[in-house]
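S.K.: Following this message is one structure expressed as structure tokens.
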Amino acid sequence: MKGTGGMKVVLLMCLGIFVCMLDSTIMNITLPAIQNSLHTTLETSSWMLNVYTMTIAVLAIPLARFAEMFGRNKFYIVGLFIFGLGSALCGLATSGDFLIVARFIQSLGAAILIPCSMVIGIAAMPIEKRILPLTLLGATQGLATAMGPTVGGIITEKLSWHWVFYVNVPICLMAIVIAFFLLTLKEENRVKSKIDWFGLLFSVSAIFSLNLVLIKGNTWGWNSTQAIFCYLVTAASILLFIFAEKKSKAPMVNLNLFKDRLFTGSVVTVTTGFIFLIGVMVLLPQFLTNFQHKTELQAALLVTPVSAAIFVFSNIAGLLTKKIGYTIPVILGFGIMGCAYYLLHNLTIHSTSKEIVLLCSLLGLGFSFVISSATIASTSSFEGEMLTASQGVFSMLRQLGVVLAVAIFVAGLTNNIDTKKKDVVHFAAQQLEKLDVPQAAKEKILSETKRSINGDETARKINPTLMTAVERQQIIDINVQKALATIPEEQRISAKELIYPKVAMQVDKDIAEKGKLVKNYSNQVSTFAKETIASSFADLYKTSIPFVLLCCLAGFVFIERKKKSTTAFVTTPAAE
């Protein structure tokens, strides 16, 4: 399989990686259309997104191990079939619950495909030429992840959200046909080993509980009983997993992986890299649609430079890594991503498309150096079972980075928005005190303003009403009675017909004058609210800048590593 045919296998594996990673973000911009179509709750919609990344994170390690035991190539084809089936069912979904189940089936296929694609693609080329498949596979991961919102926006606007999933079906069928021609299936080498049931149980419980609290922590509260329970289960499961793996004769994950500095550095680098990439790819389209009033397609196109930069620069980054090592590319990558975050901290509702394109280009450029270096380092000198185990762990931690990003940035944004809303209410109360309207009207206007500000649509127009028709009539009646009180009783009936129109006219005039004041107040508060709440995004990225730059230190993990004998990491040829 190595040689000229090996390159074809690598490209086939890139195809498998591409569809899986694309679907990890393709729903981000499509979700509103799905919600409207299926009439789903926010909770259900959240699980439509989260079940995919959670399943991959939980099952990547055990399924990679099973692939090694029963045949990687066969598992790859099975993964394509399951992923294609799940995609078709997603497109056919008629309810939120059905879509969640379909997404689980789809993610089950992805949990097989991602580690298998990496291992098969890397093993397809001789170890001295490993840089090529690693660069291509790493670039494909980042490119597909970044392209997800763009592809989702285009397909949804031009066709429908159903086709976001249907498009995977012909790709999977084509890949299955090609796989039967390129991959060895009949006499495939397999690892003869028992299933590490304790390792499987504890790894699944640790990763599931950790992902669950990351996904639900913002809803539950990070100090809630449910969250604390998940923390305890995660910690206990990790300790039990380490103990079980040390005692097992055929461990699910060989812990010797983490003795290798290159591998340890790679998992730290890729996890943090994906956190800062997804932190932008998830939130920036929301900012563009909600505060700059872009269409979903316009927002998708504006973030496209991220994927374009990854596509263009990943191979360059891979070649640079080969020539000068990992340290400088990793430091350079996070440094450039830090520049992108610096531009993001200046993000306002008045930011131009050129500014958005520039920061997205820088983000993609920086990430291309990070992902290329991390992917190449993740294999170190591993082969056979150790190579498979490394890619299972690598895939799991990459998905964990995605979940972490969503949890951290959504929680941070939610907290910022809540704080900004309080600032808007305080500003509204100050402006209201300046209005020459009755105190009762002020209380009513402030109440309506608070209700508008605290609504789900943070950019909505604040437009409180001064008074209802009933309240207007009551004022007219009161003023008419006051006027009639000064007139002799025997003349009141005839005078009322003359007084009433004049009083009504004066009341309407007063209401109109007060209405202008309220309208001016409304415009001031609406403008302040939009700009202030929109600044929640910029503040979040400003807070993140030191952490992005701090990640440059990850590059120093790779400095002056000691030369080690590779025999500790190489298994028998039969295992390959």
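The way I read the labels, and the way they are meant: chains A, B, ... in the order of the structure tokens, residue 1 as the first residue of every chain, and ligand 1 as the first ligand shown, with later ones counted on from there.
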Which residues of stretch 272-342 of chain A have any atom within 9 Å of an atom in stretch 135-146 of chain A when counting only C-alpha atoms, and what is the closest pair of atoms for each, with the distance in Å to one decimal? Order the rows by chain and rising number and write it as JSON lines.

M.R.:
{"residue": "A:Phe274", "atom": "CA", "partner": "A:Gly142", "partner_atom": "CA", "distance": 8.5}
{"residue": "A:Leu277", "atom": "CA", "partner": "A:Ala146", "partner_atom": "CA", "distance": 8.0}
{"residue": "A:Ile278", "atom": "CA", "partner": "A:Ala146", "partner_atom": "CA", "distance": 8.1}
{"residue": "A:Met281", "atom": "CA", "partner": "A:Ala146", "partner_atom": "CA", "distance": 6.9}
{"residue": "A:Val303", "atom": "CA", "partner": "A:Ala146", "partner_atom": "CA", "distance": 8.2}
{"residue": "A:Thr304", "atom": "CA", "partner": "A:Ala146", "partner_atom": "CA", "distance": 7.5}
{"residue": "A:Pro305", "atom": "CA", "partner": "A:Ala146", "partner_atom": "CA", "distance": 9.0}
{"residue": "A:Val306", "atom": "CA", "partner": "A:Ala146", "partner_atom": "CA", "distance": 6.2}
{"residue": "A:Ser307", "atom": "CA", "partner": "A:Leu143", "partner_atom": "CA", "distance": 4.9}
{"residue": "A:Ala308", "atom": "CA", "partner": "A:Leu143", "partner_atom": "CA", "distance": 7.6}
{"residue": "A:Ala309", "atom": "CA", "partner": "A:Leu143", "partner_atom": "CA", "distance": 8.5}
{"residue": "A:Ile310", "atom": "CA", "partner": "A:Leu143", "partner_atom": "CA", "distance": 5.7}
{"residue": "A:Phe311", "atom": "CA", "partner": "A:Leu143", "partner_atom": "CA", "distance": 6.0}
{"residue": "A:Phe313", "atom": "CA", "partner": "A:Ala139", "partner_atom": "CA", "distance": 8.7}
{"residue": "A:Ser314", "atom": "CA", "partner": "A:Ala139", "partner_atom": "CA", "distance": 5.4}
{"residue": "A:Asn315", "atom": "CA", "partner": "A:Thr135", "partner_atom": "CA", "distance": 6.1}
{"residue": "A:Ala317", "atom": "CA", "partner": "A:Thr135", "partner_atom": "CA", "distance": 8.3}
{"residue": "A:Gly318", "atom": "CA", "partner": "A:Thr135", "partner_atom": "CA", "distance": 5.4}
{"residue": "A:Leu319", "atom": "CA", "partner": "A:Thr135", "partner_atom": "CA", "distance": 8.3}

S.K.: Calculated over only C-alpha atoms, which of the candidates A:Asn479, A:Thr419, A:Ser266, A:Asn346 has the smallest distance to A:Thr379?

M.R.: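 For A:Thr379, the nearest of the given residues is A:Ser266.
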
S.K.: Tell me, counting only C-alpha atoms, for each residue of stretch 158-203 of chain A within 6 Å of stretch 240-260 of chain A, which pair of atoms is nearest and how far apart they are in Å to one decimal, in rows ordered by chain and increasing number, as CSV.

M.R.:
residue,atom,partner,partner_atom,distance
A:Asp196,CA,A:Met252,CA,5.7
A:Gly199,CA,A:Met252,CA,5.6
A:Phe202,CA,A:Phe241,CA,5.2

S.K.: Excluding A:Ala206 and any residue of its chain fewer than 5 positions from it, enumerate the residues within 8 Å of it, using only C-alpha atoms, and give them as a ChimeraX atom specification.

M.R.: /A:233-238

S.K.: A:Trp163: which residues within 10 Å, counting only C-alpha atoms, same-chain residues fewer than 3 positions away excluded, as an mmCIF file with N, CA, C and O atoms, in the first residue's frame?

M.R.:
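The result, stored in out_37.cif:
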data_model
loop_
_atom_site.group_PDB
_atom_site.id
_atom_site.type_symbol
_atom_site.label_atom_id
_atom_site.label_comp_id
_atom_site.auth_asym_id
_atom_site.auth_seq_id
_atom_site.Cartn_x
_atom_site.Cartn_y
_atom_site.Cartn_z
ATOM 1 N N SER A 87 -26.405 10.638 8.045
ATOM 2 C CA SER A 87 -26.630 11.886 7.316
ATOM 3 C C SER A 87 -27.970 11.872 6.590
ATOM 4 O O SER A 87 -28.711 12.864 6.602
ATOM 5 N N ALA A 88 -28.285 10.731 5.963
ATOM 6 C CA ALA A 88 -29.566 10.619 5.264
ATOM 7 C C ALA A 88 -30.734 10.746 6.237
ATOM 8 O O ALA A 88 -31.731 11.425 5.956
ATOM 9 N N CYS A 90 -30.667 12.328 9.095
ATOM 10 C CA CYS A 90 -30.721 13.724 9.541
ATOM 11 C C CYS A 90 -31.535 14.563 8.558
ATOM 12 O O CYS A 90 -32.360 15.395 8.961
ATOM 13 N N GLY A 91 -31.292 14.356 7.272
ATOM 14 C CA GLY A 91 -32.025 15.103 6.258
ATOM 15 C C GLY A 91 -33.504 14.789 6.243
ATOM 16 O O GLY A 91 -34.329 15.647 5.895
ATOM 17 N N LEU A 92 -33.855 13.569 6.638
ATOM 18 C CA LEU A 92 -35.260 13.139 6.638
ATOM 19 C C LEU A 92 -35.985 13.484 7.934
ATOM 20 O O LEU A 92 -37.191 13.254 8.045
ATOM 21 N N GLY A 152 -22.548 25.495 5.349
ATOM 22 C CA GLY A 152 -23.903 25.416 5.890
ATOM 23 C C GLY A 152 -24.756 26.599 5.479
ATOM 24 O O GLY A 152 -25.932 26.439 5.113
ATOM 25 N N ILE A 155 -25.560 26.348 1.530
ATOM 26 C CA ILE A 155 -26.519 25.289 1.207
ATOM 27 C C ILE A 155 -27.906 25.626 1.734
ATOM 28 O O ILE A 155 -28.916 25.442 1.043
ATOM 29 N N THR A 156 -27.982 26.143 2.959
ATOM 30 C CA THR A 156 -29.283 26.471 3.556
ATOM 31 C C THR A 156 -29.999 27.552 2.759
ATOM 32 O O THR A 156 -31.214 27.475 2.527
ATOM 33 N N LYS A 158 -29.415 28.505 -0.481
ATOM 34 C CA LYS A 158 -29.674 28.161 -1.881
ATOM 35 C C LYS A 158 -30.590 26.946 -2.028
ATOM 36 O O LYS A 158 -31.334 26.846 -3.015
ATOM 37 N N LEU A 159 -30.546 26.022 -1.079
ATOM 38 C CA LEU A 159 -31.393 24.814 -1.160
ATOM 39 C C LEU A 159 -32.303 24.774 0.075
ATOM 40 O O LEU A 159 -33.337 25.397 0.107
ATOM 41 N N SER A 160 -31.909 24.031 1.085
ATOM 42 C CA SER A 160 -32.624 23.986 2.366
ATOM 43 C C SER A 160 -31.704 23.318 3.373
ATOM 44 O O SER A 160 -30.670 22.746 3.013
ATOM 45 N N TYR A 166 -27.886 15.837 3.378
ATOM 46 C CA TYR A 166 -27.973 14.980 2.189
ATOM 47 C C TYR A 166 -26.679 14.993 1.375
ATOM 48 O O TYR A 166 -26.335 13.992 0.743
ATOM 49 N N VAL A 167 -25.973 16.122 1.371
ATOM 50 C CA VAL A 167 -24.776 16.236 0.541
ATOM 51 C C VAL A 167 -23.707 15.218 0.940
ATOM 52 O O VAL A 167 -22.859 14.837 0.126
ATOM 53 N N ASN A 168 -23.757 14.733 2.189
ATOM 54 C CA ASN A 168 -22.772 13.746 2.638
ATOM 55 C C ASN A 168 -22.990 12.365 2.024
ATOM 56 O O ASN A 168 -22.042 11.580 1.909
ATOM 57 N N VAL A 169 -24.229 12.074 1.649
ATOM 58 C CA VAL A 169 -24.568 10.717 1.201
ATOM 59 C C VAL A 169 -23.801 10.321 -0.063
ATOM 60 O O VAL A 169 -23.134 9.270 -0.083
#

S.K.: Using only C-alpha atoms, I'd like a table of the residues in stretch 394-444 of chain A that come within 12 Å of stretch 544-552 of chain A; for each, show the closest atom pair and its distance in Å rounded to one decimal, ordered by chain and ascending number, as a tab-separated table.

M.R.:
residue	atom	partner	partner_atom	distance
A:Ala405	CA	A:Ser544	CA	11.5
A:Ile408	CA	A:Ser544	CA	10.4
A:Phe409	CA	A:Ser544	CA	9.4
A:Gly412	CA	A:Ser544	CA	10.1
A:Leu413	CA	A:Ser544	CA	11.7

S.K.: As a short mmCIF file (atom, residue, chain, number, x, y, z; two decimals) with C-alpha atoms, in the first residue's frame, please: the residues near A:Gln431 (cut-off 10 Å, only C-alpha atoms, same-chain neighbours under 5 positions excluded).

M.R.:
data_model
loop_
_atom_site.label_atom_id
_atom_site.label_comp_id
_atom_site.auth_asym_id
_atom_site.auth_seq_id
_atom_site.Cartn_x
_atom_site.Cartn_y
_atom_site.Cartn_z
CA VAL A 425 -31.01 49.37 32.45
CA HIS A 426 -29.01 51.80 34.62
CA TYR A 521 -35.53 58.39 24.94
CA SER A 522 -36.27 55.15 23.08
CA GLN A 524 -31.07 56.88 22.82
CA VAL A 525 -31.55 53.72 24.88
#

S.K.: Interatomic distance between atom CA of A:Gln481 and atom CA of A:Asp510?

M.R.: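 Interatomic distance, atom CA of A:Gln481 to atom CA of A:Asp510: 17.9 Å.
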
S.K.: Considering only C-alpha atoms, tabulate each residue of stretch 297-338 of chain A that lies at most 10 Å from stretch 23-33 of chain A along with its nearest interatomic pair and the corresponding distance in Å to one decimal; arrange the rows by chain and ascending residue number and present them as JSON lines.

M.R.:
{"residue": "A:Leu297", "atom": "CA", "partner": "A:Ile29", "partner_atom": "CA", "distance": 9.0}
{"residue": "A:Ala299", "atom": "CA", "partner": "A:Ile29", "partner_atom": "CA", "distance": 8.8}
{"residue": "A:Ala300", "atom": "CA", "partner": "A:Ile29", "partner_atom": "CA", "distance": 7.8}

S.K.: Kindly indicate which residue among A:Ile105, A:Ile207, A:Val357, A:Ala93 lies nearest to A:Ser37, using only C-alpha atoms for the distances.

M.R.: A:Ala93

S.K.: With a distance cut-off of 12 Å and only C-alpha atoms, select the neighbouring residues of A:Ile533, excluding the residue or stretch itself and same-chain residues fewer than 2 positions from it, and output the selection as an MDAnalysis selection string.

M.R.: chainID A and resid 287 290:291 347:349 413:425 453:454 457:460 525:531 535:540

S.K.: Show me, as a count of residues only, the residues that have an atom within 9 Å of A:Val557 when counting only C-alpha atoms, minus same-chain residues fewer than 2 positions from it.

M.R.: 11

S.K.: Which of stretch 64-195 of chain A end up as helix (DSSP H, G or I) when DSSP is run on this backbone - answer as a ChimeraX atom specification?

M.R.: /A:64-70,72-92,96-123,127-129,131-158,162-166,168-182

S.K.: With distances taken over only C-alpha atoms, which residue among A:Leu397, A:Ala407, A:Gly86, A:Leu183 lies nearest A:Ala123?

M.R.: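 Looking at the shortest contact to A:Ala123, the residue is A:Leu183.
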
S.K.: Can you tell me how far atom CA of A:Ala111 sits from atom CA of A:Val177, in Å to one decimal?

M.R.: 20.5 Å
